[in-house]
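Asker: Just so it is clear, I am handing over data02.cif, which has mmCIF, C-alpha atoms.
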data_my_file
loop_
_atom_site.label_atom_id
_atom_site.label_comp_id
_atom_site.auth_asym_id
_atom_site.auth_seq_id
_atom_site.Cartn_x
_atom_site.Cartn_y
_atom_site.Cartn_z
CA MET A 1 -48.45 -123.20 49.74
CA HIS A 2 -45.34 -125.20 48.96
CA ILE A 3 -41.75 -124.33 49.72
CA SER A 4 -39.51 -124.72 46.70
CA ASP A 5 -35.91 -125.85 46.45
CA GLY A 6 -33.25 -123.46 47.62
CA VAL A 7 -35.50 -121.14 49.60
CA LEU A 8 -34.56 -122.39 53.04
CA PRO A 9 -31.05 -122.50 54.49
CA THR A 10 -29.40 -125.91 54.63
CA SER A 11 -29.60 -126.20 58.42
CA VAL A 12 -33.35 -125.64 58.37
CA THR A 13 -33.75 -128.12 55.52
CA LEU A 14 -31.84 -130.81 57.40
CA GLY A 15 -33.59 -129.98 60.66
CA GLY A 16 -36.94 -130.19 58.93
CA TYR A 17 -36.05 -133.60 57.54
CA ALA A 18 -34.87 -134.86 60.92
CA LEU A 19 -37.91 -133.60 62.79
CA SER A 20 -40.38 -134.81 60.19
CA ILE A 21 -38.75 -138.27 60.05
CA ALA A 22 -38.94 -138.50 63.84
CA ILE A 23 -42.61 -137.52 63.91
CA LEU A 24 -43.24 -139.82 60.96
CA ALA A 25 -41.76 -142.76 62.85
CA TRP A 26 -43.96 -141.95 65.85
CA SER A 27 -46.96 -141.66 63.55
CA VAL A 28 -46.23 -145.02 61.92
CA ARG A 29 -45.86 -146.68 65.33
CA ARG A 30 -49.20 -145.25 66.41
CA THR A 31 -51.01 -146.43 63.27
CA LYS A 32 -52.99 -149.61 63.83
CA SER A 33 -53.09 -152.06 60.96
CA GLU A 34 -56.90 -151.98 61.00
CA GLU A 35 -56.72 -148.28 60.25
CA LEU A 36 -54.54 -148.64 57.15
CA PRO A 37 -57.38 -148.46 54.58
CA LYS A 38 -58.69 -145.28 56.19
CA VAL A 39 -55.21 -143.76 56.21
CA ALA A 40 -54.79 -144.72 52.55
CA VAL A 41 -58.09 -143.15 51.54
CA VAL A 42 -57.34 -139.89 53.35
CA SER A 43 -53.83 -139.89 51.92
CA ALA A 44 -55.21 -140.29 48.40
CA ALA A 45 -57.72 -137.51 49.02
CA PHE A 46 -54.97 -135.21 50.30
CA PHE A 47 -52.82 -136.11 47.29
CA VAL A 48 -55.55 -135.23 44.81
CA ALA A 49 -57.06 -132.25 46.64
CA SER A 50 -54.23 -129.90 45.69
CA LEU A 51 -55.09 -130.42 42.02
CA ILE A 52 -58.63 -129.12 42.32
CA HIS A 53 -58.22 -125.44 41.66
CA ILE A 54 -61.10 -123.21 42.58
CA PRO A 55 -61.10 -119.90 40.69
CA PHE A 56 -61.33 -117.10 43.21
CA GLY A 57 -61.18 -113.56 41.90
CA PRO A 58 -58.05 -112.96 39.83
CA THR A 59 -56.22 -115.97 41.23
CA SER A 60 -57.16 -119.56 41.93
CA VAL A 61 -56.82 -121.45 45.16
CA HIS A 62 -56.68 -125.12 45.92
CA LEU A 63 -57.71 -127.17 48.90
CA LEU A 64 -55.13 -128.35 51.43
CA LEU A 65 -57.21 -130.70 53.60
CA ALA A 66 -54.62 -130.67 56.38
CA GLY A 67 -57.18 -130.00 59.10
CA LEU A 68 -59.69 -132.48 57.71
CA SER A 69 -57.17 -135.31 57.47
CA GLY A 70 -56.03 -134.54 61.00
CA ALA A 71 -59.61 -134.67 62.26
CA LEU A 72 -60.19 -137.99 60.49
CA LEU A 73 -56.91 -139.73 61.25
CA GLY A 74 -55.54 -138.26 64.46
CA SER A 75 -51.91 -139.26 64.92
CA SER A 76 -51.83 -141.23 61.63
CA ALA A 77 -52.47 -138.03 59.69
CA PHE A 78 -48.75 -137.26 59.65
CA LEU A 79 -48.05 -140.53 57.84
CA ALA A 80 -50.80 -139.90 55.27
CA ILE A 81 -49.63 -136.35 54.62
CA ALA A 82 -45.95 -137.27 54.40
CA LEU A 83 -46.64 -139.94 51.80
CA ALA A 84 -48.98 -137.71 49.79
CA LEU A 85 -46.48 -134.83 49.82
CA LEU A 86 -43.64 -137.14 48.78
CA LEU A 87 -45.66 -138.32 45.79
CA GLN A 88 -46.75 -134.77 44.98
CA SER A 89 -43.19 -133.54 44.91
CA LEU A 90 -42.06 -136.53 42.85
CA LEU A 91 -44.90 -136.56 40.33
CA PHE A 92 -46.25 -133.01 40.23
CA GLN A 93 -43.10 -131.07 41.13
CA PHE A 94 -45.05 -129.33 43.91
CA GLY A 95 -42.34 -128.11 46.23
CA GLY A 96 -38.80 -129.34 45.93
CA LEU A 97 -37.46 -132.66 47.14
CA THR A 98 -34.92 -130.96 49.38
CA ALA A 99 -37.66 -128.90 51.01
CA LEU A 100 -39.84 -131.96 51.51
CA GLY A 101 -39.08 -132.19 55.21
CA ALA A 102 -40.13 -128.60 55.77
CA ASN A 103 -43.22 -129.08 53.62
CA VAL A 104 -44.22 -132.19 55.58
CA LEU A 105 -43.82 -130.27 58.83
CA MET A 106 -45.83 -127.38 57.43
CA MET A 107 -48.78 -129.62 56.59
CA GLY A 108 -48.38 -132.35 59.19
CA LEU A 109 -48.07 -130.34 62.38
CA PRO A 110 -51.36 -128.45 61.78
CA ALA A 111 -52.99 -131.79 60.99
CA LEU A 112 -51.84 -133.27 64.30
CA ALA A 113 -52.93 -130.16 66.20
CA CYS A 114 -56.32 -130.11 64.47
CA GLY A 115 -56.83 -133.80 65.05
CA TRP A 116 -56.15 -133.42 68.75
CA LEU A 117 -58.39 -130.35 69.04
CA PHE A 118 -61.14 -132.07 67.07
CA GLN A 119 -61.10 -135.07 69.40
CA CYS A 120 -61.20 -132.68 72.39
CA PHE A 121 -64.10 -130.57 71.19
CA LYS A 122 -66.20 -132.80 68.98
CA GLY A 123 -68.72 -133.65 71.66
CA ARG A 124 -71.61 -136.00 71.03
CA THR A 125 -74.07 -134.32 68.70
CA ARG A 126 -73.73 -134.30 64.93
CA THR A 127 -73.96 -130.55 64.52
CA ARG A 128 -71.30 -130.02 67.12
CA GLN A 129 -69.06 -132.54 65.36
CA ALA A 130 -69.62 -130.80 62.03
CA ILE A 131 -68.84 -127.39 63.51
CA ALA A 132 -65.73 -128.73 65.22
CA GLY A 133 -64.67 -130.30 61.92
CA GLY A 134 -65.20 -127.07 60.03
CA LEU A 135 -63.21 -125.12 62.60
CA ALA A 136 -60.47 -127.74 62.48
CA GLY A 137 -60.33 -127.44 58.69
CA ALA A 138 -60.07 -123.66 58.82
CA LEU A 139 -57.53 -123.76 61.64
CA GLY A 140 -55.39 -126.27 59.76
CA THR A 141 -54.89 -123.91 56.84
CA ALA A 142 -54.25 -120.93 59.10
CA LEU A 143 -51.68 -122.88 61.13
CA ALA A 144 -50.00 -124.04 57.93
CA ALA A 145 -49.66 -120.40 56.85
CA VAL A 146 -48.14 -119.50 60.23
CA ILE A 147 -45.65 -122.39 60.02
CA LEU A 148 -44.80 -121.33 56.47
CA ALA A 149 -44.01 -117.86 57.78
CA LEU A 150 -41.92 -119.35 60.61
CA LEU A 151 -39.92 -121.47 58.17
CA LEU A 152 -39.39 -118.59 55.77
CA ALA A 153 -38.34 -116.38 58.68
CA THR A 154 -35.39 -118.71 59.21
CA GLY A 155 -34.34 -117.92 55.65
CA GLY A 156 -34.00 -114.25 56.55
CA GLU A 157 -37.50 -113.06 55.74
CA ASP A 158 -39.43 -110.82 58.08
CA PHE A 159 -41.74 -113.12 60.05
CA TYR A 160 -44.66 -110.76 60.53
CA GLY A 161 -44.60 -109.59 56.92
CA VAL A 162 -44.61 -113.13 55.54
CA ALA A 163 -47.18 -114.28 58.07
CA GLU A 164 -49.48 -111.41 57.21
CA PHE A 165 -49.07 -112.05 53.50
CA ALA A 166 -49.53 -115.80 53.77
CA LEU A 167 -52.62 -115.44 55.97
CA ALA A 168 -54.13 -112.76 53.73
CA ALA A 169 -53.50 -114.78 50.59
CA ASN A 170 -55.02 -117.84 52.19
CA ILE A 171 -58.18 -116.29 53.61
CA PRO A 172 -60.29 -117.73 50.77
CA VAL A 173 -58.64 -121.12 51.28
CA ILE A 174 -59.35 -120.95 55.00
CA ILE A 175 -63.02 -120.20 54.37
CA ILE A 176 -63.45 -122.83 51.65
CA GLU A 177 -61.54 -125.37 53.67
CA GLY A 178 -63.73 -124.73 56.70
CA VAL A 179 -66.90 -125.14 54.66
CA VAL A 180 -65.67 -128.32 52.96
CA SER A 181 -64.56 -129.81 56.29
CA PHE A 182 -67.86 -128.82 57.91
CA PHE A 183 -69.88 -130.66 55.28
CA THR A 184 -67.53 -133.63 55.11
CA ILE A 185 -67.51 -134.20 58.87
CA GLY A 186 -71.25 -133.56 59.02
CA PHE A 187 -71.83 -136.14 56.30
CA LEU A 188 -69.53 -138.68 57.94
CA ALA A 189 -71.16 -138.10 61.34
CA ARG A 190 -74.50 -138.96 59.74
CA VAL A 191 -73.58 -141.99 57.64
CA LYS A 192 -70.51 -143.45 59.38
CA PRO A 193 -69.96 -141.93 62.82
CA GLU A 194 -67.40 -144.57 63.84
CA LEU A 195 -64.98 -143.07 61.30
CA LEU A 196 -64.66 -140.07 63.59
CA GLU A 197 -63.58 -142.13 66.58
CA PRO A 198 -59.84 -142.25 67.20
CA GLY A 199 -59.28 -146.02 67.33
CA MET A 200 -61.76 -147.05 64.66
CA GLY A 201 -62.99 -150.60 64.75
CA LEU A 202 -60.45 -151.92 67.24
CA THR A 203 -62.94 -152.89 69.89
CA ILE A 204 -65.15 -154.65 67.39
CA GLN A 205 -62.58 -156.49 65.36
CA ASN A 206 -60.08 -157.74 67.91
CA PRO A 207 -62.34 -160.15 69.85
CA ASN A 208 -63.60 -161.67 66.59
CA ARG A 209 -60.07 -162.12 65.39
CA ASN A 210 -59.17 -164.03 68.54
CA GLU A 211 -62.21 -166.30 68.30
CA VAL A 212 -61.41 -167.51 64.80
CA PRO A 213 -58.88 -170.33 65.16
CA ASN A 214 -55.88 -170.20 62.91
CA PRO A 215 -55.85 -172.96 60.32
CA MET B 216 -15.04 -88.20 -36.60
CA LYS B 217 -13.84 -86.95 -33.25
CA THR B 218 -17.01 -84.97 -32.57
CA TRP B 219 -19.25 -88.07 -32.28
CA PRO B 220 -18.06 -89.36 -28.90
CA ILE B 221 -18.08 -85.85 -27.49
CA LEU B 222 -21.60 -85.33 -28.72
CA PHE B 223 -22.61 -88.68 -27.27
CA LEU B 224 -21.15 -87.83 -23.89
CA ILE B 225 -22.88 -84.46 -23.86
CA LEU B 226 -26.15 -86.14 -24.70
CA LEU B 227 -25.58 -88.74 -22.02
CA PHE B 228 -24.84 -86.19 -19.36
CA THR B 229 -27.82 -84.06 -20.25
CA ALA B 230 -29.99 -87.12 -20.26
CA CYS B 231 -28.67 -88.08 -16.86
CA TRP B 232 -29.08 -84.57 -15.57
CA LEU B 233 -32.63 -84.44 -16.84
CA SER B 234 -33.64 -87.87 -15.69
CA THR B 235 -32.14 -87.96 -12.16
CA PRO B 236 -34.49 -85.41 -10.59
CA ALA B 237 -37.36 -87.14 -12.30
CA LEU B 238 -36.35 -90.53 -10.92
CA ALA B 239 -35.59 -89.20 -7.48
CA GLY B 240 -38.60 -86.93 -7.33
CA THR B 241 -41.69 -88.74 -8.47
CA GLY B 242 -41.42 -92.37 -9.57
CA ASN B 243 -38.74 -93.56 -7.21
CA ALA B 244 -40.24 -91.85 -4.20
CA THR B 245 -43.67 -93.41 -4.71
CA SER B 246 -42.21 -96.86 -5.22
CA CYS B 247 -40.07 -96.41 -2.14
CA THR B 248 -43.00 -95.40 0.07
CA LYS B 249 -45.00 -98.27 -1.39
CA VAL B 250 -42.26 -100.75 -0.59
CA THR B 251 -41.76 -99.41 2.93
CA ALA B 252 -45.50 -99.49 3.54
CA LYS B 253 -45.59 -103.08 2.35
CA ILE B 254 -42.63 -104.00 4.53
CA GLU B 255 -44.20 -102.31 7.50
CA ALA B 256 -47.48 -104.14 6.95
CA GLN B 257 -45.63 -107.43 6.73
CA ASP B 258 -43.68 -106.51 9.82
CA THR B 259 -46.75 -105.78 11.91
CA LYS B 260 -48.41 -108.97 10.68
CA LEU B 261 -45.35 -111.05 11.42
CA SER B 262 -44.87 -109.54 14.85
CA ALA B 263 -48.52 -110.22 15.66
CA ASP B 264 -48.04 -113.80 14.51
CA LEU B 265 -44.87 -114.11 16.54
CA ARG B 266 -46.59 -112.76 19.61
CA ARG B 267 -49.35 -115.31 19.18
CA ILE B 268 -46.78 -118.07 18.87
CA TYR B 269 -44.92 -116.86 21.95
CA ARG B 270 -48.18 -116.89 23.86
CA GLU B 271 -48.90 -120.40 22.67
CA ILE B 272 -45.44 -121.54 23.72
CA ALA B 273 -45.95 -120.04 27.17
CA ALA B 274 -49.34 -121.75 27.46
CA LEU B 275 -47.80 -125.04 26.36
CA ARG B 276 -45.04 -124.66 28.89
CA ALA B 277 -47.60 -123.99 31.63
CA ASP B 278 -49.53 -127.05 30.49
CA PHE B 279 -46.35 -129.06 30.44
CA ASN B 280 -45.67 -128.22 34.07
CA LYS B 281 -49.22 -129.09 35.05
CA PRO B 282 -49.66 -132.69 36.16
CA GLY B 283 -51.74 -134.78 33.82
CA MET B 284 -53.98 -137.78 34.24
CA ARG B 285 -51.01 -140.12 34.16
CA GLU B 286 -49.37 -138.50 37.18
CA ILE B 287 -52.63 -138.35 39.14
CA PHE B 288 -53.54 -141.98 38.67
CA GLY B 289 -49.94 -143.03 39.08
CA GLY B 290 -49.84 -141.32 42.46
CA LEU B 291 -53.15 -142.86 43.52
CA GLY B 292 -51.82 -146.24 42.46
CA TYR B 293 -48.67 -145.67 44.49
CA ILE B 294 -50.73 -144.81 47.58
CA ALA B 295 -53.00 -147.84 47.17
CA GLY B 296 -50.05 -150.12 46.49
CA LEU B 297 -47.91 -148.91 49.36
CA PHE B 298 -50.75 -149.17 51.85
CA GLY B 299 -51.64 -152.56 50.41
CA VAL B 300 -48.09 -153.76 51.05
CA ALA B 301 -48.21 -152.27 54.55
CA ALA B 302 -51.52 -154.00 55.28
CA PHE B 303 -50.15 -157.27 53.90
CA VAL B 304 -47.04 -157.07 56.07
CA ALA B 305 -49.13 -156.15 59.11
CA SER B 306 -51.50 -159.07 58.53
CA ARG B 307 -48.59 -161.51 58.11
CA ARG B 308 -47.03 -160.30 61.31
CA LYS B 309 -50.26 -160.72 63.25
CA ASP B 310 -51.05 -164.31 62.17
#
Here is the file; what I need is its structure written in the form of structure tokens.

Answerer:
Amino acid sequence: MHISDGVLPTSVTLGGYALSIAILAWSVRRTKSEELPKVAVVSAAFFVASLIHIPFGPTSVHLLLAGLSGALLGSSAFLAIALALLLQSLLFQFGGLTALGANVLMMGLPALACGWLFQCFKGRTRTRQAIAGGLAGALGTALAAVILALLLATGGEDFYGVAEFALAANIPVIIIEGVVSFFTIGFLARVKPELLEPGMGLTIQNPNRNEVPNP
Amino acid sequence: MKTWPILFLILLFTACWLSTPALAGTGNATSCTKVTAKIEAQDTKLSADLRRIYREIAALRADFNKPGMREIFGGLGYIAGLFGVAAFVASRRKD
């Protein structure tokens, strides 16, 4: 699910760049420096996930991890996804450089939405967190397909036709993504539950930092 | 002395007339079909070979477009490095 060069009209390309740069700036401002390693790890996972092709029937699908990175990072997910998509388009030629803004929007907006929904619905228990994570993962892919259809509709395509096709083609991805996110969030909730909190480690690290006198 | 060339020509023409149907009928025809059969066999073999080579070229091209280990680890290095720089800058700003 990548938009290539020359598919979208110029106005949409420029608008996509402007909007994604604005959201990216907001995302960078919201990212705490203590969270940077976590953002980097999720960014690297997102970068690599698109290379793991799972054979499914006649075709093969690959993971997107938009929903999962949103659930893990919250507002910083946009930064992680933008960087990973930039490197993917530079190194792997996945999606064109001119369509990068639209591609970042297509992956980043579902991540933000899923992150917000995950924080709303995760609850306290581990199973509930895992289920919320799985739903967030599935929803992320579905939302990305809808945004893809919206973007292609600006290029003159029929919105409902493209949306139907994109959703139908991505049903296996949605299912696999949901399962992977379910197990990932379930695992993290068991071994490192503080990773699922929005402002990880801030309350623990800041007082210590202030107590240590600067040399 | 003038009869000899005439006789020779008559002999030549009769020989030609006798031998042409023979050449065209039996020997030449069989050699022709043999040669065409051989050419056709070579042709099918060569076209099969060519098709195999085309397929290999297409596979190579697909492989060429596929990112390799170098790109993957390069990208991971970029991510680690960029976030390292960001963390470094953030830590400098805080102290």

Asker: Using all atoms listed in the file, which residues sit within 9 Å of range 278-284 of chain B once same-chain residues fewer than 5 positions away are excluded, as a list in words?

Answerer: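 Everything that qualifies: Leu51, Leu91, Phe92 and Gln93 of chain A; Ala273 and Gly289 of chain B.
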
Asker: How about saving the chosen residues, C-alpha atoms kept, as a PDB file, in the frame of the given file?

Answerer:
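Below you can see again_2.pdb, which holds the result:
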ATOM      1  CA  LEU A  51     -55.090-130.420  42.020  1.00  0.00           C
ATOM      2  CA  LEU A  91     -44.900-136.560  40.330  1.00  0.00           C
ATOM      3  CA  PHE A  92     -46.250-133.010  40.230  1.00  0.00           C
ATOM      4  CA  GLN A  93     -43.100-131.070  41.130  1.00  0.00           C
TER       5      GLN A  93
ATOM      6  CA  ALA B 273     -45.950-120.040  27.170  1.00  0.00           C
ATOM      7  CA  GLY B 289     -49.940-143.030  39.080  1.00  0.00           C
TER       8      GLY B 289
END

Asker: Find the distance between CA of Glu286 in chain B and CA of Leu64 in chain A and write it in Å to one decimal.

Answerer: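 Straight-line distance from CA of Glu286 in chain B to CA of Leu64 in chain A works out to 18.4 Å.
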
Asker: Could you state which residues are captured by the PyMOL selection byres ((chain A) within 10 of (chain B)) in this file, as an MDAnalysis selection string?

Answerer: chainID A and resid 32:41 43:45 47:48 51 80 83:84 86:88 90:94 209 214

Asker: Write out, as a compact mmCIF listing (two decimals), in the frame of the given file, the residues just selected, with C-alpha atoms.

Answerer:
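Heads up, here's the output in again.txt:
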# COMPACT_ATOMS: atom_id res chain seq x y z
CA LYS A 32 -52.99 -149.61 63.83
CA SER A 33 -53.09 -152.06 60.96
CA GLU A 34 -56.90 -151.98 61.00
CA GLU A 35 -56.72 -148.28 60.25
CA LEU A 36 -54.54 -148.64 57.15
CA PRO A 37 -57.38 -148.46 54.58
CA LYS A 38 -58.69 -145.28 56.19
CA VAL A 39 -55.21 -143.76 56.21
CA ALA A 40 -54.79 -144.72 52.55
CA VAL A 41 -58.09 -143.15 51.54
CA SER A 43 -53.83 -139.89 51.92
CA ALA A 44 -55.21 -140.29 48.40
CA ALA A 45 -57.72 -137.51 49.02
CA PHE A 47 -52.82 -136.11 47.29
CA VAL A 48 -55.55 -135.23 44.81
CA LEU A 51 -55.09 -130.42 42.02
CA ALA A 80 -50.80 -139.90 55.27
CA LEU A 83 -46.64 -139.94 51.80
CA ALA A 84 -48.98 -137.71 49.79
CA LEU A 86 -43.64 -137.14 48.78
CA LEU A 87 -45.66 -138.32 45.79
CA GLN A 88 -46.75 -134.77 44.98
CA LEU A 90 -42.06 -136.53 42.85
CA LEU A 91 -44.90 -136.56 40.33
CA PHE A 92 -46.25 -133.01 40.23
CA GLN A 93 -43.10 -131.07 41.13
CA PHE A 94 -45.05 -129.33 43.91
CA ARG A 209 -60.07 -162.12 65.39
CA ASN A 214 -55.88 -170.20 62.91

Asker: For the file shown, what are the residues hit by the PyMOL selection byres ((chain A and resi 140) around 10), laid out as a ChimeraX atom specification?

Answerer: /A:64-71,106-115,134-139,141-146,174,177-178

Asker: Next, write the just-selected residues to a file, as a short mmCIF file (atom, residue, chain, number, x, y, z; two decimals), in the frame of the given file, keeping C-alpha atoms as the atom set.

Answerer:
data_model
loop_
_atom_site.label_atom_id
_atom_site.label_comp_id
_atom_site.auth_asym_id
_atom_site.auth_seq_id
_atom_site.Cartn_x
_atom_site.Cartn_y
_atom_site.Cartn_z
CA LEU A 64 -55.13 -128.35 51.43
CA LEU A 65 -57.21 -130.70 53.60
CA ALA A 66 -54.62 -130.67 56.38
CA GLY A 67 -57.18 -130.00 59.10
CA LEU A 68 -59.69 -132.48 57.71
CA SER A 69 -57.17 -135.31 57.47
CA GLY A 70 -56.03 -134.54 61.00
CA ALA A 71 -59.61 -134.67 62.26
CA MET A 106 -45.83 -127.38 57.43
CA MET A 107 -48.78 -129.62 56.59
CA GLY A 108 -48.38 -132.35 59.19
CA LEU A 109 -48.07 -130.34 62.38
CA PRO A 110 -51.36 -128.45 61.78
CA ALA A 111 -52.99 -131.79 60.99
CA LEU A 112 -51.84 -133.27 64.30
CA ALA A 113 -52.93 -130.16 66.20
CA CYS A 114 -56.32 -130.11 64.47
CA GLY A 115 -56.83 -133.80 65.05
CA GLY A 134 -65.20 -127.07 60.03
CA LEU A 135 -63.21 -125.12 62.60
CA ALA A 136 -60.47 -127.74 62.48
CA GLY A 137 -60.33 -127.44 58.69
CA ALA A 138 -60.07 -123.66 58.82
CA LEU A 139 -57.53 -123.76 61.64
CA THR A 141 -54.89 -123.91 56.84
CA ALA A 142 -54.25 -120.93 59.10
CA LEU A 143 -51.68 -122.88 61.13
CA ALA A 144 -50.00 -124.04 57.93
CA ALA A 145 -49.66 -120.40 56.85
CA VAL A 146 -48.14 -119.50 60.23
CA ILE A 174 -59.35 -120.95 55.00
CA GLU A 177 -61.54 -125.37 53.67
CA GLY A 178 -63.73 -124.73 56.70
#

Asker: Identify all residues satisfying the PyMOL selection byres ((chain A and resi 154) around 10) in the given file; provide them as a PDB file with C-alpha atoms, in the frame of the given file.

Answerer:
ATOM      1  CA  VAL A   7     -35.500-121.140  49.600  1.00  0.00           C
ATOM      2  CA  LEU A   8     -34.560-122.390  53.040  1.00  0.00           C
ATOM      3  CA  PRO A   9     -31.050-122.500  54.490  1.00  0.00           C
ATOM      4  CA  SER A  11     -29.600-126.200  58.420  1.00  0.00           C
ATOM      5  CA  VAL A  12     -33.350-125.640  58.370  1.00  0.00           C
ATOM      6  CA  ALA A 149     -44.010-117.860  57.780  1.00  0.00           C
ATOM      7  CA  LEU A 150     -41.920-119.350  60.610  1.00  0.00           C
ATOM      8  CA  LEU A 151     -39.920-121.470  58.170  1.00  0.00           C
ATOM      9  CA  LEU A 152     -39.390-118.590  55.770  1.00  0.00           C
ATOM     10  CA  ALA A 153     -38.340-116.380  58.680  1.00  0.00           C
ATOM     11  CA  GLY A 155     -34.340-117.920  55.650  1.00  0.00           C
ATOM     12  CA  GLY A 156     -34.000-114.250  56.550  1.00  0.00           C
ATOM     13  CA  GLU A 157     -37.500-113.060  55.740  1.00  0.00           C
ATOM     14  CA  ASP A 158     -39.430-110.820  58.080  1.00  0.00           C
ATOM     15  CA  PHE A 159     -41.740-113.120  60.050  1.00  0.00           C
TER      16      PHE A 159
END

Asker: Using CA of Phe183 in chain A and CA of Arg128 in chain A as the two end points, give the distance in Å to one decimal.

Answerer: 11.9 Å

Asker: Tell me, in Å to one decimal, how far CA of Ser89 in chain A is from CA of Tyr269 in chain B.

Answerer: 28.4 Å
